[in-house]
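**Student:** Coordinates in final-v1.csv, CSV, C-alpha atoms, are listed below.
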```csv
chain,number,residue,atom,x,y,z
V,61,PRO,CA,108.1,70.1,88.5
V,62,PRO,CA,106.9,66.7,89.6
V,63,SER,CA,103.2,66.7,90.1
V,64,HIS,CA,100.5,64.4,91.3
V,65,ASN,CA,97.3,64.0,89.3
V,66,GLY,CA,98.0,67.2,87.4
V,67,LYS,CA,97.6,69.4,90.5
V,68,PRO,CA,100.2,72.1,91.2
V,69,LEU,CA,103.2,71.0,93.2
V,70,GLN,CA,103.1,72.3,96.8
V,71,VAL,CA,106.5,73.8,97.8
V,72,ASN,CA,106.8,74.5,101.5
V,73,VAL,CA,109.4,77.1,102.4
V,74,SER,CA,111.2,78.1,105.5
V,75,LEU,CA,113.7,80.9,106.1
V,76,ASN,CA,116.5,81.4,108.6
V,77,LEU,CA,117.3,85.1,108.8
V,78,ARG,CA,120.8,84.9,110.2
V,79,ASN,CA,121.6,88.6,110.1
V,80,ILE,CA,120.7,92.0,108.7
V,81,PHE,CA,124.1,93.4,107.7
V,82,GLU,CA,123.0,96.9,106.7
V,83,VAL,CA,120.1,99.2,106.2
V,84,ASN,CA,121.3,101.6,103.6
V,85,GLU,CA,119.0,104.6,103.8
V,86,LYS,CA,120.6,106.7,101.1
V,87,ALA,CA,120.6,103.9,98.4
V,88,GLN,CA,117.4,102.5,99.9
V,89,TYR,CA,118.2,98.8,100.3
V,90,ILE,CA,118.6,96.2,103.0
V,91,SER,CA,121.4,93.6,103.2
V,92,LEU,CA,120.4,90.2,104.5
V,93,GLU,CA,122.1,86.9,105.4
V,94,THR,CA,119.7,84.0,105.0
V,95,SER,CA,119.4,80.2,104.6
V,96,LEU,CA,116.4,79.3,102.4
V,97,ARG,CA,114.9,75.9,102.6
V,98,MET,CA,112.3,74.4,100.3
V,99,TYR,CA,110.4,71.1,100.8
V,100,TRP,CA,108.3,69.2,98.2
V,101,LYS,CA,107.3,65.6,97.4
V,102,ASP,CA,108.7,63.9,94.4
V,103,GLU,CA,106.8,60.6,93.9
V,104,ARG,CA,109.5,59.4,91.6
V,105,ILE,CA,111.7,58.8,94.7
V,106,ILE,CA,109.2,56.9,96.8
V,107,GLY,CA,110.3,53.3,97.4
V,108,VAL,CA,114.0,54.1,96.6
V,109,PRO,CA,116.0,52.2,99.3
V,110,LEU,CA,117.9,54.8,101.3
V,111,GLY,CA,119.5,52.6,103.9
V,112,LYS,CA,119.3,52.9,107.7
V,113,ASP,CA,119.6,56.7,107.8
V,114,GLU,CA,116.4,58.7,107.8
V,115,PHE,CA,117.6,60.8,104.8
V,116,VAL,CA,120.4,60.9,102.3
V,117,ASN,CA,122.4,64.1,101.8
V,118,VAL,CA,123.4,65.3,98.3
V,119,ASN,CA,126.0,68.0,97.9
V,120,GLY,CA,128.2,69.5,95.2
V,121,LYS,CA,127.6,68.8,91.5
V,122,ALA,CA,125.3,65.9,92.3
V,123,ILE,CA,122.6,68.5,93.1
V,124,ASP,CA,122.4,69.3,89.4
V,125,HIS,CA,120.6,66.0,88.8
V,126,PHE,CA,117.6,67.0,90.9
V,127,TRP,CA,114.7,69.2,89.9
V,128,VAL,CA,114.7,72.3,92.1
V,129,PRO,CA,112.1,75.2,92.3
V,130,ASP,CA,113.3,78.2,90.2
V,131,VAL,CA,113.0,80.9,93.0
V,132,PHE,CA,114.4,84.4,92.5
V,133,ILE,CA,114.3,87.4,94.8
V,134,ASP,CA,112.4,90.2,93.3
V,135,GLN,CA,114.2,93.6,93.3
V,136,ALA,CA,117.4,92.0,94.5
V,137,LYS,CA,120.3,94.4,93.7
V,138,ALA,CA,123.1,91.8,94.5
V,139,LEU,CA,123.4,88.2,95.5
V,140,ARG,CA,126.3,86.6,97.2
V,141,ALA,CA,126.9,82.9,98.1
V,142,PRO,CA,129.4,82.7,101.0
V,143,THR,CA,131.6,80.1,99.4
V,144,PHE,CA,134.9,78.6,100.3
V,145,HIS,CA,135.3,75.7,97.8
V,146,VAL,CA,131.9,74.1,97.5
V,147,LYS,CA,128.7,76.2,97.2
V,148,PRO,CA,126.8,76.2,100.6
V,149,THR,CA,123.9,74.2,99.1
V,150,SER,CA,122.5,70.7,99.9
V,151,VAL,CA,119.6,68.4,98.9
V,152,ARG,CA,118.2,65.9,101.4
V,153,VAL,CA,116.1,63.0,100.1
V,154,TYR,CA,113.7,61.3,102.6
V,155,PRO,CA,112.2,57.8,102.2
V,156,ASP,CA,108.7,59.2,101.7
V,157,GLY,CA,109.8,61.1,98.6
V,158,THR,CA,110.2,64.4,100.4
V,159,VAL,CA,113.1,66.5,99.0
V,160,ARG,CA,114.6,69.4,101.0
V,161,TYR,CA,116.7,72.0,99.2
V,162,SER,CA,118.8,74.3,101.4
V,163,SER,CA,121.0,77.1,100.4
V,164,ARG,CA,122.9,79.9,102.2
V,165,VAL,CA,122.7,83.2,100.3
V,166,ASN,CA,123.4,86.9,101.2
V,167,TYR,CA,121.6,89.6,99.2
V,168,ASP,CA,120.8,93.3,99.0
V,169,VAL,CA,117.2,94.0,98.1
V,170,ALA,CA,115.5,97.3,97.3
V,171,CYS,CA,113.4,98.8,100.1
V,172,ALA,CA,111.5,102.0,99.3
V,173,MET,CA,111.8,104.3,102.3
V,174,ASP,CA,109.8,107.3,103.5
V,175,PHE,CA,111.5,109.8,105.7
V,176,HIS,CA,108.7,112.3,106.3
V,177,ARG,CA,108.5,111.3,110.0
V,178,TYR,CA,112.3,111.2,110.6
V,179,PRO,CA,113.6,110.8,113.3
V,180,VAL,CA,110.7,108.7,114.4
V,181,ASP,CA,110.1,107.1,111.0
V,182,GLU,CA,109.2,103.5,110.4
V,183,GLN,CA,110.1,101.6,107.2
V,184,MET,CA,108.6,98.4,105.7
V,185,CYS,CA,110.8,96.4,103.5
V,186,GLU,CA,109.0,93.9,101.4
V,187,ILE,CA,111.0,91.0,100.1
V,188,LYS,CA,109.3,88.8,97.4
V,189,TYR,CA,110.4,85.3,96.6
V,190,GLU,CA,108.9,84.2,93.2
V,191,SER,CA,109.0,81.5,90.7
V,192,PHE,CA,110.6,82.6,87.5
V,193,GLY,CA,109.2,80.2,85.0
V,194,TYR,CA,106.6,77.9,86.7
V,195,THR,CA,103.0,79.2,86.8
V,196,SER,CA,100.6,79.0,89.7
V,197,LYS,CA,98.9,76.1,87.8
V,198,GLN,CA,102.2,74.2,88.0
V,199,MET,CA,103.5,75.1,91.5
V,200,THR,CA,102.5,76.9,94.7
V,201,PHE,CA,104.5,78.2,97.6
V,202,GLN,CA,103.6,78.2,101.3
V,203,TRP,CA,105.6,79.4,104.3
V,204,LEU,CA,106.0,76.7,106.9
V,205,PRO,CA,104.6,77.5,110.3
V,206,ASP,CA,106.5,80.2,112.3
V,207,GLU,CA,108.3,77.6,114.4
V,208,MET,CA,110.0,76.4,111.3
V,209,ASN,CA,111.3,79.9,110.4
V,210,ASN,CA,114.1,81.3,112.4
V,211,VAL,CA,115.1,84.9,113.1
V,212,ASN,CA,118.4,85.3,114.9
V,213,PRO,CA,117.5,87.0,118.3
V,214,ASN,CA,120.9,88.6,118.4
V,215,ILE,CA,120.4,90.8,115.3
V,216,SER,CA,121.5,94.3,116.3
V,217,LEU,CA,121.0,97.4,114.1
V,218,ASP,CA,122.5,100.8,115.0
V,219,GLN,CA,119.4,102.9,114.4
V,220,PHE,CA,116.4,100.5,114.0
V,221,GLU,CA,114.5,97.8,115.8
V,222,GLU,CA,113.3,95.1,113.5
V,223,GLN,CA,110.2,92.9,113.3
V,224,VAL,CA,110.0,90.1,110.8
V,225,ILE,CA,106.6,89.1,109.4
V,226,PHE,CA,106.1,86.0,107.2
V,227,GLN,CA,103.3,87.1,105.0
V,228,SER,CA,101.1,84.6,103.2
V,229,ASN,CA,101.7,83.3,99.7
V,230,TYR,CA,100.5,85.2,96.6
V,231,ALA,CA,100.4,85.0,92.9
V,232,THR,CA,101.8,87.8,90.8
V,233,ASP,CA,99.3,90.1,89.2
V,234,TYR,CA,101.5,92.0,86.9
V,235,TYR,CA,101.7,89.4,84.1
V,236,GLU,CA,99.1,87.7,81.9
V,237,ILE,CA,100.0,84.4,83.6
V,238,GLN,CA,100.2,84.2,87.4
V,239,TYR,CA,103.4,83.0,89.1
V,240,PRO,CA,103.6,81.8,92.7
V,241,GLY,CA,105.4,83.7,95.4
V,242,LEU,CA,106.0,84.5,99.0
V,243,ILE,CA,106.4,87.7,100.9
V,244,LEU,CA,108.6,88.5,103.8
V,245,HIS,CA,108.1,91.9,105.5
V,246,ILE,CA,110.8,93.5,107.7
V,247,HIS,CA,109.4,96.3,109.7
V,248,LEU,CA,112.1,98.8,110.9
V,249,SER,CA,111.3,101.3,113.6
V,250,ARG,CA,113.9,104.0,114.6
```
As structure tokens, what does this structure read like?
**Tutor:**
Amino acid sequence: PPSHNGKPLQVNVSLNLRNIFEVNEKAQYISLETSLRMYWKDERIIGVPLGKDEFVNVNGKAIDHFWVPDVFIDQAKALRAPTFHVKPTSVRVYPDGTVRYSSRVNYDVACAMDFHRYPVDEQMCEIKYESFGYTSKQMTFQWLPDEMNNVNPNISLDQFEEQVIFQSNYATDYYEIQYPGLILHIHLSR
């Protein structure tokens, strides 16, 4: 990743939780529809003339020419990009060197559930977004403020009420080397 003075690159992340498609209690997973946005500074872009617009949009195969954080979703059982012809992904480049990567993705993620208090049970689904190859010395993640994260107010589940909590950033502790990550909690109460 591009860095400044050898310090870790700060990647700011926002999430648009568009829908919770399913809470599968038997298989213990939750299906989500999201848009994930990541912002970082790339000093190699500063001073590049961008014209009169405040940013330039990059789509399609041109995105392959940009460095993008290598985020994966821990314990994801399936990933689906809702695609027609072109993958729903874009890069925006701003005059100050800020790059915004945005992608629409739907996924099923494991959610360990406890039914001892059924039918008044509560479940906490923990979704972890982690870097696959860049260490915490190379890159860090941070959720943007709550007003930059969107949760669709019209999400309606048959048996649960949901509360979405954007936890702070963390570094993995199950490897010799630490990797940066973010946690999203979805609290489900019947």
**Student:** Pick out the residues sitting within 7 Å of V:Thr149, and hand them over as a VMD selection string; count all atoms listed in the file, and ignore anything fewer than 4 positions along from it in its own chain.
**Tutor:** chain V and resid 119 162 to 164
**Student:** I need the residue nearest V:Gln183 from this list: V:Gln135, V:Thr232, V:Asn79, V:Gln223. Use only C-alpha atoms for the distance.
**Tutor:** V:Gln223
**Student:** Neighbours of V:Asp218 within 10 Å (all atoms listed in the file; same-chain residues fewer than 2 positions away dropped), as an NGL selection string?
**Tutor:** :V and (82-83 or 216 or 220-221 or 250)
**Student:** Point out the residue among V:Asn166, V:Gln238, V:Ser150, V:Ser228 with the least atom-to-atom distance to V:Leu92, counting only C-alpha atoms.
**Tutor:**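 Looking at the shortest contact to V:Leu92, the residue is V:Asn166.
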**Student:** Would you pick out the contacts of V:Leu96 at 12 Å or less, using only C-alpha atoms, so that residues sharing its chain but fewer than 4 positions from it are not included, and give the list as a PyMOL selection string?
**Tutor:** chain V and resi 72-78+92+129+131-133+141+148-151+160-167+189+203-204+208-210
**Student:** Would you mind exporting the chosen residues as a CSV table (one decimal), in the coordinates of the input, restricted to C-alpha atoms?
**Tutor:**
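Below is the file part36.csv, written as the result:
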```csv
chain,number,residue,atom,x,y,z
V,72,ASN,CA,106.8,74.5,101.5
V,73,VAL,CA,109.4,77.1,102.4
V,74,SER,CA,111.2,78.1,105.5
V,75,LEU,CA,113.7,80.9,106.1
V,76,ASN,CA,116.5,81.4,108.6
V,77,LEU,CA,117.3,85.1,108.8
V,78,ARG,CA,120.8,84.9,110.2
V,92,LEU,CA,120.4,90.2,104.5
V,129,PRO,CA,112.1,75.2,92.3
V,131,VAL,CA,113.0,80.9,93.0
V,132,PHE,CA,114.4,84.4,92.5
V,133,ILE,CA,114.3,87.4,94.8
V,141,ALA,CA,126.9,82.9,98.1
V,148,PRO,CA,126.8,76.2,100.6
V,149,THR,CA,123.9,74.2,99.1
V,150,SER,CA,122.5,70.7,99.9
V,151,VAL,CA,119.6,68.4,98.9
V,160,ARG,CA,114.6,69.4,101.0
V,161,TYR,CA,116.7,72.0,99.2
V,162,SER,CA,118.8,74.3,101.4
V,163,SER,CA,121.0,77.1,100.4
V,164,ARG,CA,122.9,79.9,102.2
V,165,VAL,CA,122.7,83.2,100.3
V,166,ASN,CA,123.4,86.9,101.2
V,167,TYR,CA,121.6,89.6,99.2
V,189,TYR,CA,110.4,85.3,96.6
V,203,TRP,CA,105.6,79.4,104.3
V,204,LEU,CA,106.0,76.7,106.9
V,208,MET,CA,110.0,76.4,111.3
V,209,ASN,CA,111.3,79.9,110.4
V,210,ASN,CA,114.1,81.3,112.4
```
**Student:** Kindly give the distance, in Å, that separates atom CA of V:Arg140 and atom CA of V:Gln198, rounded to a single decimal.
**Tutor:**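 One can read the atom CA of V:Arg140 to atom CA of V:Gln198 distance as 28.6 Å.
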**Student:** Step by step: start from the point (110.3, 71.8, 97.6) in the file's coordinates, keep every protein, DNA or RNA residue that has an atom no farther than 9 Å from it, count all atoms listed in the file, and write the set as a short mmCIF file (atom, residue, chain, number, x, y, z; two decimals) with C-alpha atoms, in the frame of the given file.
**Tutor:**
```cif
data_model
loop_
_atom_site.label_atom_id
_atom_site.label_comp_id
_atom_site.auth_asym_id
_atom_site.auth_seq_id
_atom_site.Cartn_x
_atom_site.Cartn_y
_atom_site.Cartn_z
CA LEU V 69 103.20 71.00 93.20
CA GLN V 70 103.10 72.30 96.80
CA VAL V 71 106.50 73.80 97.80
CA ASN V 72 106.80 74.50 101.50
CA VAL V 73 109.40 77.10 102.40
CA ARG V 97 114.90 75.90 102.60
CA MET V 98 112.30 74.40 100.30
CA TYR V 99 110.40 71.10 100.80
CA TRP V 100 108.30 69.20 98.20
CA LYS V 101 107.30 65.60 97.40
CA ASP V 102 108.70 63.90 94.40
CA VAL V 128 114.70 72.30 92.10
CA PRO V 129 112.10 75.20 92.30
CA THR V 158 110.20 64.40 100.40
CA VAL V 159 113.10 66.50 99.00
CA ARG V 160 114.60 69.40 101.00
CA TYR V 161 116.70 72.00 99.20
CA PHE V 201 104.50 78.20 97.60
#
```
**Student:** Kindly indicate which residue among V:Ile187, V:His176, V:Met199, V:Ile90 lies nearest to V:Pro61, using only C-alpha atoms for the distances.
**Tutor:**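 That would be V:Met199, the residue with the smallest distance to V:Pro61.
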**Student:** V:Leu248, V:Val118, V:Val211, V:Ile225: which is nearest V:Ser95, counting all atoms listed in the file?
**Tutor:** V:Val211
**Student:** Mind giving me the straight-line distance from atom CA of V:Phe81 to atom CA of V:Leu217 in Å, one decimal?
**Tutor:**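 Interatomic distance, atom CA of V:Phe81 to atom CA of V:Leu217: 8.2 Å.
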**Student:** Which residues are near V:Ala87? Cut-off 12 Å, all atoms listed in the file, ignore same chain within fewer than 4 positions. Put them as a ChimeraX atom specification.
**Tutor:** /V:82-83,91,137,168-173
**Student:** Take the residues from that selection and put them in a file with C-alpha atoms, as an mmCIF file, in the frame of the given file.
**Tutor:**
```cif
data_model
loop_
_atom_site.group_PDB
_atom_site.id
_atom_site.type_symbol
_atom_site.label_atom_id
_atom_site.label_comp_id
_atom_site.auth_asym_id
_atom_site.auth_seq_id
_atom_site.Cartn_x
_atom_site.Cartn_y
_atom_site.Cartn_z
ATOM 1 C CA GLU V 82 123.000 96.900 106.700
ATOM 2 C CA VAL V 83 120.100 99.200 106.200
ATOM 3 C CA SER V 91 121.400 93.600 103.200
ATOM 4 C CA LYS V 137 120.300 94.400 93.700
ATOM 5 C CA ASP V 168 120.800 93.300 99.000
ATOM 6 C CA VAL V 169 117.200 94.000 98.100
ATOM 7 C CA ALA V 170 115.500 97.300 97.300
ATOM 8 C CA CYS V 171 113.400 98.800 100.100
ATOM 9 C CA ALA V 172 111.500 102.000 99.300
ATOM 10 C CA MET V 173 111.800 104.300 102.300
#
```
**Student:** Distance atom CA of V:Asp206-atom CA of V:Thr94, one decimal place?
**Tutor:** 15.6 Å
**Student:** Identify, on the basis of all atoms listed in the file, every residue whose closest approach to V:Lys197 does not exceed 10 Å; exclude the query and any residue fewer than 3 positions from it along the same chain; express the result as a VMD selection string.
**Tutor:** chain V and resid 66 to 69 194 200 237 to 240
**Student:** Smallest atom-to-atom distance to V:Tyr178: which of V:Ser63, V:Gln219, V:Val224, V:Ala122, using all atoms listed in the file?
**Tutor:**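 Of V:Ser63, V:Gln219, V:Val224, V:Ala122, the one nearest V:Tyr178 is V:Gln219, counting all atoms listed in the file.
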**Student:** Which is closest to V:Met184 among V:Ile243, V:Val116, V:Ala136, V:Ile123, if we use all atoms listed in the file?
**Tutor:** V:Ile243
**Student:** Could you rebuild stretch 74-108 of chain V with N, CA and C atoms and give it back as a compact mmCIF listing (two decimals), keeping the file's coordinate frame?
**Tutor:**
```txt
# COMPACT_ATOMS: atom_id res chain seq x y z
N SER V 74 110.88 77.53 104.27
CA SER V 74 111.20 78.10 105.50
C SER V 74 112.49 78.99 105.33
N LEU V 75 112.64 79.97 106.19
CA LEU V 75 113.70 80.90 106.10
C LEU V 75 114.43 81.06 107.42
N ASN V 76 115.73 81.05 107.41
CA ASN V 76 116.50 81.40 108.60
C ASN V 76 117.19 82.70 108.32
N LEU V 77 116.67 83.75 108.96
CA LEU V 77 117.30 85.10 108.80
C LEU V 77 118.40 85.17 109.84
N ARG V 78 119.60 84.98 109.36
CA ARG V 78 120.80 84.90 110.20
C ARG V 78 121.25 86.30 110.66
N ASN V 79 121.12 87.29 109.73
CA ASN V 79 121.60 88.60 110.10
C ASN V 79 121.05 89.66 109.11
N ILE V 80 120.91 90.87 109.59
CA ILE V 80 120.70 92.00 108.70
C ILE V 80 121.99 92.81 108.81
N PHE V 81 122.75 92.75 107.73
CA PHE V 81 124.10 93.40 107.70
C PHE V 81 123.99 94.90 107.71
N GLU V 82 123.03 95.41 106.92
CA GLU V 82 123.00 96.90 106.70
C GLU V 82 121.62 97.31 106.28
N VAL V 83 121.24 98.48 106.75
CA VAL V 83 120.10 99.20 106.20
C VAL V 83 120.68 100.46 105.61
N ASN V 84 120.74 100.50 104.28
CA ASN V 84 121.30 101.60 103.60
C ASN V 84 120.22 102.60 103.20
N GLU V 85 120.08 103.65 104.00
CA GLU V 85 119.00 104.60 103.80
C GLU V 85 119.16 105.44 102.54
N LYS V 86 120.39 105.83 102.26
CA LYS V 86 120.60 106.70 101.10
C LYS V 86 120.33 105.94 99.79
N ALA V 87 120.83 104.71 99.66
CA ALA V 87 120.60 103.90 98.40
C ALA V 87 119.29 103.13 98.51
N GLN V 88 118.64 103.11 99.67
CA GLN V 88 117.40 102.50 99.90
C GLN V 88 117.38 100.97 99.58
N TYR V 89 118.23 100.27 100.34
CA TYR V 89 118.20 98.80 100.30
C TYR V 89 118.59 98.25 101.64
N ILE V 90 118.32 96.95 101.80
CA ILE V 90 118.60 96.20 103.00
C ILE V 90 119.47 95.02 102.65
N SER V 91 120.52 94.72 103.43
CA SER V 91 121.40 93.60 103.20
C SER V 91 121.10 92.48 104.18
N LEU V 92 120.82 91.28 103.67
CA LEU V 92 120.40 90.20 104.50
C LEU V 92 121.33 88.97 104.35
N GLU V 93 121.48 88.20 105.42
CA GLU V 93 122.10 86.90 105.40
C GLU V 93 121.08 85.86 105.73
N THR V 94 120.81 84.93 104.81
CA THR V 94 119.70 84.00 105.00
C THR V 94 120.13 82.56 104.62
N SER V 95 119.38 81.61 105.13
CA SER V 95 119.40 80.20 104.60
C SER V 95 117.92 79.99 104.19
N LEU V 96 117.73 79.61 102.95
CA LEU V 96 116.40 79.30 102.40
C LEU V 96 116.27 77.83 102.24
N ARG V 97 115.16 77.29 102.76
CA ARG V 97 114.90 75.90 102.60
C ARG V 97 113.56 75.66 101.95
N MET V 98 113.53 74.72 100.99
CA MET V 98 112.30 74.40 100.30
C MET V 98 112.06 72.89 100.37
N TYR V 99 110.81 72.51 100.62
CA TYR V 99 110.40 71.10 100.80
C TYR V 99 109.32 70.79 99.77
N TRP V 100 109.41 69.65 99.09
CA TRP V 100 108.30 69.20 98.20
C TRP V 100 108.42 67.67 98.10
N LYS V 101 107.34 67.09 97.60
CA LYS V 101 107.30 65.60 97.40
C LYS V 101 107.57 65.35 95.94
N ASP V 102 108.40 64.35 95.73
CA ASP V 102 108.70 63.90 94.40
C ASP V 102 108.37 62.37 94.40
N GLU V 103 107.22 62.01 93.84
CA GLU V 103 106.80 60.60 93.90
C GLU V 103 107.69 59.67 93.12
N ARG V 104 108.55 60.20 92.29
CA ARG V 104 109.50 59.40 91.60
C ARG V 104 110.53 58.75 92.51
N ILE V 105 110.67 59.31 93.72
CA ILE V 105 111.70 58.80 94.70
C ILE V 105 111.11 57.84 95.66
N ILE V 106 109.78 57.79 95.85
CA ILE V 106 109.20 56.90 96.80
C ILE V 106 109.57 55.45 96.51
N GLY V 107 109.96 54.73 97.55
CA GLY V 107 110.30 53.30 97.40
C GLY V 107 111.82 53.13 97.07
N VAL V 108 112.54 54.22 96.86
CA VAL V 108 114.00 54.10 96.60
C VAL V 108 114.64 53.74 97.94
```
